$ cat work_33.txt   # compact mmCIF, N, CA and C atoms
# COMPACT_ATOMS: atom_id res chain seq x y z
N MET A 1 0.84 -1.18 0.00
CA MET A 1 0.00 0.00 0.00
C MET A 1 0.88 1.24 0.00
N LYS A 2 0.30 2.35 -0.45
CA LYS A 2 1.01 3.62 -0.54
C LYS A 2 0.23 4.71 0.18
N LYS A 3 0.96 5.61 0.77
CA LYS A 3 0.38 6.85 1.30
C LYS A 3 0.80 7.95 0.34
N ILE A 4 -0.19 8.62 -0.20
CA ILE A 4 0.07 9.75 -1.10
C ILE A 4 -0.28 11.01 -0.34
N GLU A 5 0.70 11.88 -0.23
CA GLU A 5 0.55 13.13 0.51
C GLU A 5 0.78 14.25 -0.48
N ALA A 6 -0.17 15.15 -0.57
CA ALA A 6 -0.06 16.26 -1.51
C ALA A 6 -0.21 17.58 -0.76
N ILE A 7 0.68 18.51 -1.07
CA ILE A 7 0.59 19.87 -0.56
C ILE A 7 0.10 20.71 -1.73
N ILE A 8 -1.08 21.32 -1.57
CA ILE A 8 -1.71 22.04 -2.68
C ILE A 8 -2.21 23.41 -2.23
N LYS A 9 -2.55 24.23 -3.22
CA LYS A 9 -3.15 25.53 -2.92
C LYS A 9 -4.57 25.31 -2.39
N PRO A 10 -4.98 26.08 -1.40
CA PRO A 10 -6.31 25.88 -0.79
C PRO A 10 -7.47 25.93 -1.78
N PHE A 11 -7.42 26.81 -2.75
CA PHE A 11 -8.54 26.94 -3.67
C PHE A 11 -8.65 25.77 -4.64
N LYS A 12 -7.67 24.87 -4.63
CA LYS A 12 -7.70 23.69 -5.50
C LYS A 12 -8.26 22.45 -4.78
N LEU A 13 -8.52 22.56 -3.48
CA LEU A 13 -8.95 21.40 -2.71
C LEU A 13 -10.22 20.76 -3.27
N SER A 14 -11.25 21.54 -3.54
CA SER A 14 -12.51 20.98 -4.06
C SER A 14 -12.32 20.27 -5.39
N VAL A 15 -11.51 20.86 -6.25
CA VAL A 15 -11.25 20.27 -7.57
C VAL A 15 -10.51 18.94 -7.41
N VAL A 16 -9.53 18.91 -6.52
CA VAL A 16 -8.77 17.68 -6.28
C VAL A 16 -9.67 16.62 -5.68
N LYS A 17 -10.49 17.01 -4.71
CA LYS A 17 -11.41 16.05 -4.07
C LYS A 17 -12.34 15.45 -5.11
N GLU A 18 -12.89 16.26 -5.99
CA GLU A 18 -13.79 15.76 -7.04
C GLU A 18 -13.05 14.83 -8.00
N ALA A 19 -11.82 15.17 -8.34
CA ALA A 19 -11.03 14.32 -9.24
C ALA A 19 -10.79 12.95 -8.61
N LEU A 20 -10.54 12.93 -7.31
CA LEU A 20 -10.34 11.66 -6.61
C LEU A 20 -11.63 10.86 -6.52
N HIS A 21 -12.74 11.54 -6.28
CA HIS A 21 -14.04 10.86 -6.24
C HIS A 21 -14.35 10.22 -7.59
N GLU A 22 -14.00 10.90 -8.67
CA GLU A 22 -14.27 10.39 -10.01
C GLU A 22 -13.53 9.08 -10.30
N ILE A 23 -12.39 8.86 -9.64
CA ILE A 23 -11.65 7.62 -9.87
C ILE A 23 -11.87 6.62 -8.73
N GLY A 24 -12.86 6.89 -7.89
CA GLY A 24 -13.26 5.94 -6.86
C GLY A 24 -12.58 6.07 -5.51
N ILE A 25 -11.89 7.18 -5.29
CA ILE A 25 -11.23 7.41 -4.00
C ILE A 25 -12.12 8.32 -3.17
N SER A 26 -12.53 7.83 -2.00
CA SER A 26 -13.41 8.65 -1.16
C SER A 26 -12.81 8.98 0.19
N GLY A 27 -11.92 8.15 0.71
CA GLY A 27 -11.33 8.42 2.01
C GLY A 27 -10.08 9.26 1.90
N MET A 28 -10.02 10.31 2.68
CA MET A 28 -8.83 11.17 2.68
C MET A 28 -8.79 11.97 3.96
N THR A 29 -7.62 12.45 4.29
CA THR A 29 -7.43 13.34 5.43
C THR A 29 -6.90 14.66 4.89
N VAL A 30 -7.45 15.76 5.38
CA VAL A 30 -7.05 17.08 4.92
C VAL A 30 -6.66 17.92 6.13
N SER A 31 -5.54 18.63 6.01
CA SER A 31 -5.06 19.50 7.08
C SER A 31 -4.70 20.87 6.53
N ASP A 32 -4.93 21.90 7.33
CA ASP A 32 -4.44 23.25 7.00
C ASP A 32 -2.97 23.29 7.40
N VAL A 33 -2.11 23.71 6.49
CA VAL A 33 -0.68 23.81 6.77
C VAL A 33 -0.15 25.12 6.22
N LYS A 34 1.04 25.49 6.63
CA LYS A 34 1.73 26.66 6.10
C LYS A 34 3.16 26.25 5.77
N GLY A 35 3.72 26.87 4.77
CA GLY A 35 5.10 26.57 4.43
C GLY A 35 5.56 27.33 3.21
N PHE A 36 6.76 26.98 2.75
CA PHE A 36 7.26 27.53 1.50
C PHE A 36 8.29 26.59 0.92
N GLY A 37 8.50 26.72 -0.36
CA GLY A 37 9.47 25.89 -1.07
C GLY A 37 10.54 26.77 -1.67
N ARG A 38 10.89 26.49 -2.89
CA ARG A 38 11.96 27.24 -3.56
C ARG A 38 11.65 28.72 -3.69
N GLN A 39 10.36 29.06 -3.76
CA GLN A 39 10.01 30.46 -3.95
C GLN A 39 10.19 31.28 -2.69
N ARG A 40 10.51 30.60 -1.56
CA ARG A 40 10.79 31.26 -0.29
C ARG A 40 9.66 32.15 0.18
N GLY A 41 8.43 31.74 -0.09
CA GLY A 41 7.27 32.47 0.38
C GLY A 41 6.75 33.51 -0.58
N SER A 42 7.40 33.68 -1.73
CA SER A 42 6.93 34.66 -2.70
C SER A 42 5.69 34.13 -3.40
N THR A 43 4.69 34.98 -3.52
CA THR A 43 3.48 34.57 -4.23
C THR A 43 3.53 35.01 -5.68
N GLY A 44 4.47 35.87 -6.00
CA GLY A 44 4.56 36.37 -7.36
C GLY A 44 3.49 37.40 -7.68
N GLY A 45 2.62 37.69 -6.73
CA GLY A 45 1.54 38.62 -7.01
C GLY A 45 1.31 39.65 -5.93
N ILE A 46 2.04 39.59 -4.84
CA ILE A 46 1.87 40.57 -3.78
C ILE A 46 2.62 41.83 -4.14
N ASP A 47 1.94 42.94 -4.06
CA ASP A 47 2.52 44.25 -4.35
C ASP A 47 3.62 44.54 -3.34
N ASN A 48 4.77 45.00 -3.82
CA ASN A 48 5.90 45.29 -2.92
C ASN A 48 5.60 46.38 -1.92
N SER A 49 4.60 47.20 -2.18
CA SER A 49 4.28 48.28 -1.25
C SER A 49 3.47 47.78 -0.06
N GLN A 50 2.96 46.56 -0.14
CA GLN A 50 2.18 46.00 0.96
C GLN A 50 3.11 45.46 2.03
N GLU A 51 2.72 45.64 3.29
CA GLU A 51 3.48 45.03 4.37
C GLU A 51 2.98 43.61 4.56
N TYR A 52 3.92 42.70 4.51
CA TYR A 52 3.56 41.29 4.65
C TYR A 52 4.80 40.58 5.16
N ASP A 53 4.82 40.26 6.46
CA ASP A 53 6.03 39.71 7.03
C ASP A 53 5.96 38.20 7.29
N ASP A 54 4.86 37.57 6.97
CA ASP A 54 4.76 36.12 7.14
C ASP A 54 5.20 35.46 5.84
N GLU A 55 6.39 34.86 5.86
CA GLU A 55 6.90 34.25 4.64
C GLU A 55 6.31 32.88 4.37
N PHE A 56 5.49 32.37 5.29
CA PHE A 56 4.87 31.07 5.11
C PHE A 56 3.53 31.22 4.42
N LEU A 57 3.33 30.44 3.38
CA LEU A 57 2.10 30.52 2.60
C LEU A 57 1.12 29.46 3.07
N VAL A 58 -0.16 29.80 3.06
CA VAL A 58 -1.21 28.86 3.46
C VAL A 58 -1.38 27.81 2.37
N LYS A 59 -1.38 26.56 2.78
CA LYS A 59 -1.55 25.43 1.86
C LYS A 59 -2.48 24.41 2.53
N MET A 60 -2.86 23.42 1.77
CA MET A 60 -3.64 22.29 2.28
C MET A 60 -2.79 21.04 2.09
N LYS A 61 -2.84 20.16 3.09
CA LYS A 61 -2.18 18.86 2.96
C LYS A 61 -3.26 17.80 2.87
N LEU A 62 -3.20 17.03 1.81
CA LEU A 62 -4.16 15.96 1.54
C LEU A 62 -3.41 14.64 1.66
N GLU A 63 -3.97 13.70 2.44
CA GLU A 63 -3.36 12.39 2.61
C GLU A 63 -4.35 11.31 2.21
N VAL A 64 -3.88 10.36 1.40
CA VAL A 64 -4.71 9.26 0.90
C VAL A 64 -3.90 7.98 0.98
N ILE A 65 -4.53 6.90 1.46
CA ILE A 65 -3.90 5.58 1.47
C ILE A 65 -4.57 4.74 0.39
N VAL A 66 -3.76 4.16 -0.51
CA VAL A 66 -4.31 3.39 -1.63
C VAL A 66 -3.48 2.12 -1.84
N GLU A 67 -4.08 1.20 -2.57
CA GLU A 67 -3.36 0.00 -3.00
C GLU A 67 -2.25 0.42 -3.97
N ASP A 68 -1.19 -0.36 -4.04
CA ASP A 68 -0.06 -0.04 -4.92
C ASP A 68 -0.50 0.22 -6.35
N HIS A 69 -1.42 -0.62 -6.85
CA HIS A 69 -1.83 -0.51 -8.26
C HIS A 69 -2.65 0.75 -8.54
N ASP A 70 -3.14 1.43 -7.50
CA ASP A 70 -3.90 2.68 -7.68
C ASP A 70 -3.05 3.93 -7.52
N ALA A 71 -1.82 3.77 -7.07
CA ALA A 71 -0.99 4.94 -6.73
C ALA A 71 -0.76 5.86 -7.92
N GLU A 72 -0.48 5.31 -9.08
CA GLU A 72 -0.18 6.14 -10.24
C GLU A 72 -1.39 6.94 -10.69
N LYS A 73 -2.57 6.32 -10.75
CA LYS A 73 -3.76 7.06 -11.20
C LYS A 73 -4.17 8.12 -10.18
N VAL A 74 -3.97 7.84 -8.89
CA VAL A 74 -4.28 8.84 -7.86
C VAL A 74 -3.31 10.02 -7.96
N THR A 75 -2.04 9.71 -8.14
CA THR A 75 -1.03 10.77 -8.28
C THR A 75 -1.33 11.65 -9.50
N GLU A 76 -1.68 11.03 -10.61
CA GLU A 76 -2.00 11.78 -11.83
C GLU A 76 -3.25 12.64 -11.63
N ALA A 77 -4.26 12.09 -10.97
CA ALA A 77 -5.49 12.85 -10.72
C ALA A 77 -5.20 14.09 -9.87
N ILE A 78 -4.41 13.92 -8.83
CA ILE A 78 -4.05 15.06 -7.97
C ILE A 78 -3.25 16.08 -8.76
N LYS A 79 -2.24 15.60 -9.48
CA LYS A 79 -1.37 16.50 -10.24
C LYS A 79 -2.16 17.31 -11.26
N ASN A 80 -3.04 16.67 -11.99
CA ASN A 80 -3.83 17.37 -13.01
C ASN A 80 -4.83 18.35 -12.39
N ALA A 81 -5.47 17.95 -11.30
CA ALA A 81 -6.48 18.80 -10.68
C ALA A 81 -5.87 19.99 -9.93
N ALA A 82 -4.67 19.81 -9.37
CA ALA A 82 -4.04 20.87 -8.58
C ALA A 82 -3.24 21.85 -9.43
N TYR A 83 -3.04 21.53 -10.69
CA TYR A 83 -2.21 22.35 -11.57
C TYR A 83 -2.86 23.69 -11.88
N SER A 84 -2.09 24.76 -11.69
CA SER A 84 -2.53 26.09 -12.12
C SER A 84 -1.51 26.70 -13.07
N GLY A 85 -0.30 26.15 -13.08
CA GLY A 85 0.75 26.68 -13.93
C GLY A 85 1.51 27.83 -13.29
N LYS A 86 1.15 28.16 -12.07
CA LYS A 86 1.81 29.26 -11.38
C LYS A 86 2.69 28.72 -10.26
N ILE A 87 3.60 29.54 -9.81
CA ILE A 87 4.52 29.15 -8.75
C ILE A 87 3.74 28.72 -7.51
N GLY A 88 4.22 27.69 -6.84
CA GLY A 88 3.59 27.24 -5.60
C GLY A 88 2.44 26.28 -5.78
N ASP A 89 2.33 25.62 -6.94
CA ASP A 89 1.26 24.64 -7.15
C ASP A 89 1.32 23.50 -6.15
N GLY A 90 2.51 23.18 -5.66
CA GLY A 90 2.61 22.18 -4.60
C GLY A 90 3.51 21.02 -4.94
N LYS A 91 3.42 19.99 -4.11
CA LYS A 91 4.24 18.80 -4.24
C LYS A 91 3.40 17.58 -3.90
N ILE A 92 3.83 16.43 -4.41
CA ILE A 92 3.21 15.15 -4.08
C ILE A 92 4.32 14.24 -3.57
N PHE A 93 4.07 13.61 -2.43
CA PHE A 93 5.01 12.66 -1.84
C PHE A 93 4.33 11.29 -1.78
N ILE A 94 5.10 10.25 -2.05
CA ILE A 94 4.55 8.90 -2.04
C ILE A 94 5.40 8.05 -1.09
N TYR A 95 4.73 7.42 -0.13
CA TYR A 95 5.40 6.62 0.89
C TYR A 95 4.88 5.18 0.85
N ASN A 96 5.71 4.25 1.23
CA ASN A 96 5.26 2.87 1.43
C ASN A 96 4.60 2.76 2.80
N ILE A 97 3.50 2.02 2.86
CA ILE A 97 2.78 1.77 4.11
C ILE A 97 2.94 0.30 4.45
N ASP A 98 3.46 0.01 5.63
CA ASP A 98 3.66 -1.37 6.04
C ASP A 98 2.39 -2.02 6.56
N ARG A 99 1.59 -1.25 7.28
CA ARG A 99 0.42 -1.84 7.92
C ARG A 99 -0.63 -0.78 8.18
N VAL A 100 -1.89 -1.17 8.07
CA VAL A 100 -3.03 -0.33 8.43
C VAL A 100 -3.94 -1.16 9.30
N ILE A 101 -4.42 -0.59 10.40
CA ILE A 101 -5.35 -1.28 11.29
C ILE A 101 -6.52 -0.34 11.59
N ARG A 102 -7.73 -0.81 11.32
CA ARG A 102 -8.93 -0.04 11.67
C ARG A 102 -9.18 -0.25 13.16
N ILE A 103 -9.19 0.81 13.93
CA ILE A 103 -9.31 0.72 15.39
C ILE A 103 -10.63 0.07 15.80
N ARG A 104 -11.73 0.48 15.20
CA ARG A 104 -13.05 -0.01 15.63
C ARG A 104 -13.23 -1.50 15.44
N THR A 105 -12.78 -2.04 14.30
CA THR A 105 -13.07 -3.44 13.98
C THR A 105 -11.85 -4.37 14.06
N GLY A 106 -10.67 -3.78 14.07
CA GLY A 106 -9.46 -4.60 14.05
C GLY A 106 -9.06 -5.07 12.66
N GLU A 107 -9.84 -4.68 11.62
CA GLU A 107 -9.49 -5.05 10.25
C GLU A 107 -8.09 -4.55 9.93
N LYS A 108 -7.42 -5.28 9.04
CA LYS A 108 -6.04 -4.95 8.72
C LYS A 108 -5.84 -4.73 7.23
N ASP A 109 -4.86 -3.89 6.95
CA ASP A 109 -4.37 -3.62 5.60
C ASP A 109 -5.49 -3.23 4.64
N SER A 110 -5.66 -3.92 3.51
CA SER A 110 -6.66 -3.51 2.51
C SER A 110 -8.07 -3.42 3.08
N ASP A 111 -8.41 -4.34 3.97
CA ASP A 111 -9.74 -4.33 4.58
C ASP A 111 -9.94 -3.10 5.46
N ALA A 112 -8.87 -2.55 5.97
CA ALA A 112 -8.97 -1.39 6.87
C ALA A 112 -9.06 -0.07 6.12
N VAL A 113 -8.66 -0.09 4.88
CA VAL A 113 -8.70 1.14 4.09
C VAL A 113 -10.08 1.28 3.49

$ encode --input "work_33.txt" --output "structure tokens"
Amino acid sequence: MKKIEAIIKPFKLSVVKEALHEIGISGMTVSDVKGFGRQRGSTGGIDNSQEYDDEFLVKMKLEVIVEDHDAEKVTEAIKNAAYSGKIGDGKIFIYNIDRVIRIRTGEKDSDAV
């Protein structure tokens, strides 16, 4: 199994969620996060005359656990839906998951997802 973690622009969350629903993915975890990458917090659109001292940009973190064979289509769906072509579109990280256990039922791995 894979954990796919995507850091995206907040206004893209609904579009990404719909893209995942269209390919049969319904379970996900979403968190409000702040950060910056290579652009060092630049939005490319803030007027230099404005005072703005928070270099961390607001983003959303989306986490999805999927079977190995679904990882590529999920990654592509997120990438296509989150794309704006502007700086700060985000990143996708893919991790191996060793085990999943549903707390309520004790189901494991694929049955728990």

$ atom_distance --input "work_33.txt" --atom1 "atom N of Phe56 of chain A" --atom2 "atom C of Arg38 of chain A"
11.5 Å

$ closest_residue --input "work_33.txt" --among "A:Gly35, A:Gly85, A:Ile101, A:Tyr95" --to "Glu55 of chain A" --atoms "all atoms listed in the file"
A:Gly35

$ select_by_dssp --input "work_33.txt" --residues "chain A" --states "alpha helix (DSSP H)" --output "ChimeraX atom specification"
/A:13-22,71-82

$ residues_around --input "work_33.txt" --residues "Arg102 of chain A" --least-positions-apart "3" --cutoff "10 Å" --atoms "only C-alpha atoms" --output "ChimeraX atom specification"
/A:105-109,111-113

$ atom_distance --input "work_33.txt" --atom1 "atom CA of Ile25 of chain A" --atom2 "atom CA of Val58 of chain A"
24.8 Å

$ atom_distance --input "work_33.txt" --atom1 "atom C of Gly88 of chain A" --atom2 "atom C of Lys9 of chain A"
7.8 Å

$ residues_around --input "work_33.txt" --residues "Ile65 of chain A" --least-positions-apart "2" --cutoff "7 Å" --atoms "only C-alpha atoms" --output "PDB file with N, CA and C atoms, keeping the file's coordinate frame"
ATOM      1  N   MET A   1       0.840  -1.180   0.000  1.00  0.00           N
ATOM      2  CA  MET A   1       0.000   0.000   0.000  1.00  0.00           C
ATOM      3  C   MET A   1       0.880   1.240   0.000  1.00  0.00           C
ATOM      4  N   LYS A   2       0.300   2.350  -0.450  1.00  0.00           N
ATOM      5  CA  LYS A   2       1.010   3.620  -0.540  1.00  0.00           C
ATOM      6  C   LYS A   2       0.230   4.710   0.180  1.00  0.00           C
ATOM      7  N   LYS A   3       0.960   5.610   0.770  1.00  0.00           N
ATOM      8  CA  LYS A   3       0.380   6.850   1.300  1.00  0.00           C
ATOM      9  C   LYS A   3       0.800   7.950   0.340  1.00  0.00           C
ATOM     10  N   ILE A   4      -0.190   8.620  -0.200  1.00  0.00           N
ATOM     11  CA  ILE A   4       0.070   9.750  -1.100  1.00  0.00           C
ATOM     12  C   ILE A   4      -0.280  11.010  -0.340  1.00  0.00           C
ATOM     13  N   GLU A  63      -3.970  13.700   2.440  1.00  0.00           N
ATOM     14  CA  GLU A  63      -3.360  12.390   2.610  1.00  0.00           C
ATOM     15  C   GLU A  63      -4.350  11.310   2.210  1.00  0.00           C
TER      16      GLU A  63
END

$ residues_around --input "work_33.txt" --residues "segment 69-75 of chain A" --least-positions-apart "3" --cutoff "7 Å" --atoms "only N, CA and C atoms" --output "VMD selection string"
chain A and resid 2 20 66 78 to 80

$ residues_around --input "work_33.txt" --residues "Ser14 of chain A" --least-positions-apart "3" --cutoff "12 Å" --atoms "only C-alpha atoms" --output "PyMOL selection string"
chain A and resi 8-11+17-21+30+60+62+78+81-82

$ closest_residue --input "work_33.txt" --among "A:Leu57, A:Gly90, A:Asn96, A:Arg104" --to "Ile7 of chain A" --atoms "only N, CA and C atoms"
A:Gly90

$ select_by_dssp --input "work_33.txt" --residues "chain A" --states "strand (DSSP E or B)" --output "JSON, numbers by chain"
{"A": [2, 3, 4, 5, 6, 7, 8, 29, 30, 31, 32, 33, 34, 35, 57, 58, 59, 60, 61, 62, 63, 64, 65, 66, 90, 91, 92, 93, 94, 95, 96, 101, 108]}

$ closest_residue --input "work_33.txt" --among "A:Lys59, A:Val16, A:Val64, A:Glu5" --to "Phe93 of chain A" --atoms "all atoms listed in the file"
A:Glu5

$ axis_aligned_box --input "work_33.txt" --around "segment 16-26 of chain A" --padding-each-side "8 Å" --output "lines of an AutoDock Vina configuration file"
center_x = -11.6
center_y = 12.4
center_z = -5.1
size_x = 21.6
size_y = 29.0
size_z = 26.5

$ closest_residue --input "work_33.txt" --among "A:Ala77, A:Ile97, A:Glu67, A:Asp89" --to "Glu22 of chain A" --atoms "only C-alpha atoms"
A:Ala77

$ build_atoms --input "work_33.txt" --residues "segment 65-76 of chain A" --atoms "all heavy atoms" --output "compact mmCIF listing (two decimals), in the coordinates of the input"
# COMPACT_ATOMS: atom_id res chain seq x y z
N ILE A 65 -4.53 6.90 1.46
CA ILE A 65 -3.90 5.58 1.47
C ILE A 65 -4.57 4.74 0.39
O ILE A 65 -5.80 4.63 0.36
CB ILE A 65 -4.06 4.88 2.84
CG1 ILE A 65 -3.60 5.78 3.99
CG2 ILE A 65 -3.34 3.53 2.84
CD1 ILE A 65 -2.15 6.14 3.98
N VAL A 66 -3.76 4.16 -0.51
CA VAL A 66 -4.31 3.39 -1.63
C VAL A 66 -3.48 2.12 -1.84
O VAL A 66 -2.35 2.01 -1.38
CB VAL A 66 -4.33 4.21 -2.93
CG1 VAL A 66 -5.22 5.43 -2.80
CG2 VAL A 66 -2.93 4.62 -3.36
N GLU A 67 -4.08 1.20 -2.57
CA GLU A 67 -3.36 0.00 -3.00
C GLU A 67 -2.25 0.42 -3.97
O GLU A 67 -2.39 1.43 -4.68
CB GLU A 67 -4.31 -0.97 -3.69
CG GLU A 67 -5.38 -1.54 -2.79
CD GLU A 67 -4.82 -2.48 -1.73
OE1 GLU A 67 -3.72 -3.04 -1.93
OE2 GLU A 67 -5.50 -2.65 -0.71
N ASP A 68 -1.19 -0.36 -4.04
CA ASP A 68 -0.06 -0.04 -4.92
C ASP A 68 -0.50 0.22 -6.35
O ASP A 68 -0.03 1.16 -7.00
CB ASP A 68 0.98 -1.16 -4.90
CG ASP A 68 1.75 -1.23 -3.59
OD1 ASP A 68 1.72 -0.26 -2.81
OD2 ASP A 68 2.41 -2.26 -3.35
N HIS A 69 -1.42 -0.62 -6.85
CA HIS A 69 -1.83 -0.51 -8.26
C HIS A 69 -2.65 0.75 -8.54
O HIS A 69 -2.83 1.12 -9.70
CB HIS A 69 -2.59 -1.76 -8.72
CG HIS A 69 -3.82 -2.06 -7.92
ND1 HIS A 69 -5.03 -1.45 -8.16
CD2 HIS A 69 -4.02 -2.90 -6.88
CE1 HIS A 69 -5.93 -1.90 -7.30
NE2 HIS A 69 -5.34 -2.79 -6.51
N ASP A 70 -3.14 1.43 -7.50
CA ASP A 70 -3.90 2.68 -7.68
C ASP A 70 -3.05 3.93 -7.52
O ASP A 70 -3.50 5.04 -7.83
CB ASP A 70 -5.06 2.76 -6.68
CG ASP A 70 -6.16 1.76 -6.98
OD1 ASP A 70 -6.34 1.43 -8.17
OD2 ASP A 70 -6.82 1.31 -6.02
N ALA A 71 -1.82 3.77 -7.07
CA ALA A 71 -0.99 4.94 -6.73
C ALA A 71 -0.76 5.86 -7.92
O ALA A 71 -0.85 7.09 -7.79
CB ALA A 71 0.34 4.48 -6.14
N GLU A 72 -0.48 5.31 -9.08
CA GLU A 72 -0.18 6.14 -10.24
C GLU A 72 -1.39 6.94 -10.69
O GLU A 72 -1.29 8.14 -10.98
CB GLU A 72 0.34 5.28 -11.39
CG GLU A 72 0.87 6.09 -12.56
CD GLU A 72 2.08 6.95 -12.22
OE1 GLU A 72 2.90 6.55 -11.37
OE2 GLU A 72 2.20 8.04 -12.81
N LYS A 73 -2.57 6.32 -10.75
CA LYS A 73 -3.76 7.06 -11.20
C LYS A 73 -4.17 8.12 -10.18
O LYS A 73 -4.64 9.19 -10.55
CB LYS A 73 -4.91 6.14 -11.57
CG LYS A 73 -5.64 5.49 -10.44
CD LYS A 73 -6.80 4.66 -10.97
CE LYS A 73 -7.50 3.96 -9.82
NZ LYS A 73 -8.62 3.16 -10.26
N VAL A 74 -3.97 7.84 -8.89
CA VAL A 74 -4.28 8.84 -7.86
C VAL A 74 -3.31 10.02 -7.96
O VAL A 74 -3.73 11.18 -7.92
CB VAL A 74 -4.23 8.20 -6.45
CG1 VAL A 74 -4.28 9.26 -5.36
CG2 VAL A 74 -5.37 7.21 -6.29
N THR A 75 -2.04 9.71 -8.14
CA THR A 75 -1.03 10.77 -8.28
C THR A 75 -1.33 11.65 -9.50
O THR A 75 -1.27 12.87 -9.42
CB THR A 75 0.37 10.14 -8.41
OG1 THR A 75 0.62 9.34 -7.25
CG2 THR A 75 1.44 11.20 -8.53
N GLU A 76 -1.68 11.03 -10.61
CA GLU A 76 -2.00 11.78 -11.83
C GLU A 76 -3.25 12.64 -11.63
O GLU A 76 -3.30 13.79 -12.09
CB GLU A 76 -2.19 10.84 -13.02
CG GLU A 76 -0.89 10.35 -13.59
CD GLU A 76 0.00 11.45 -14.12
OE1 GLU A 76 -0.46 12.31 -14.90
OE2 GLU A 76 1.19 11.47 -13.73
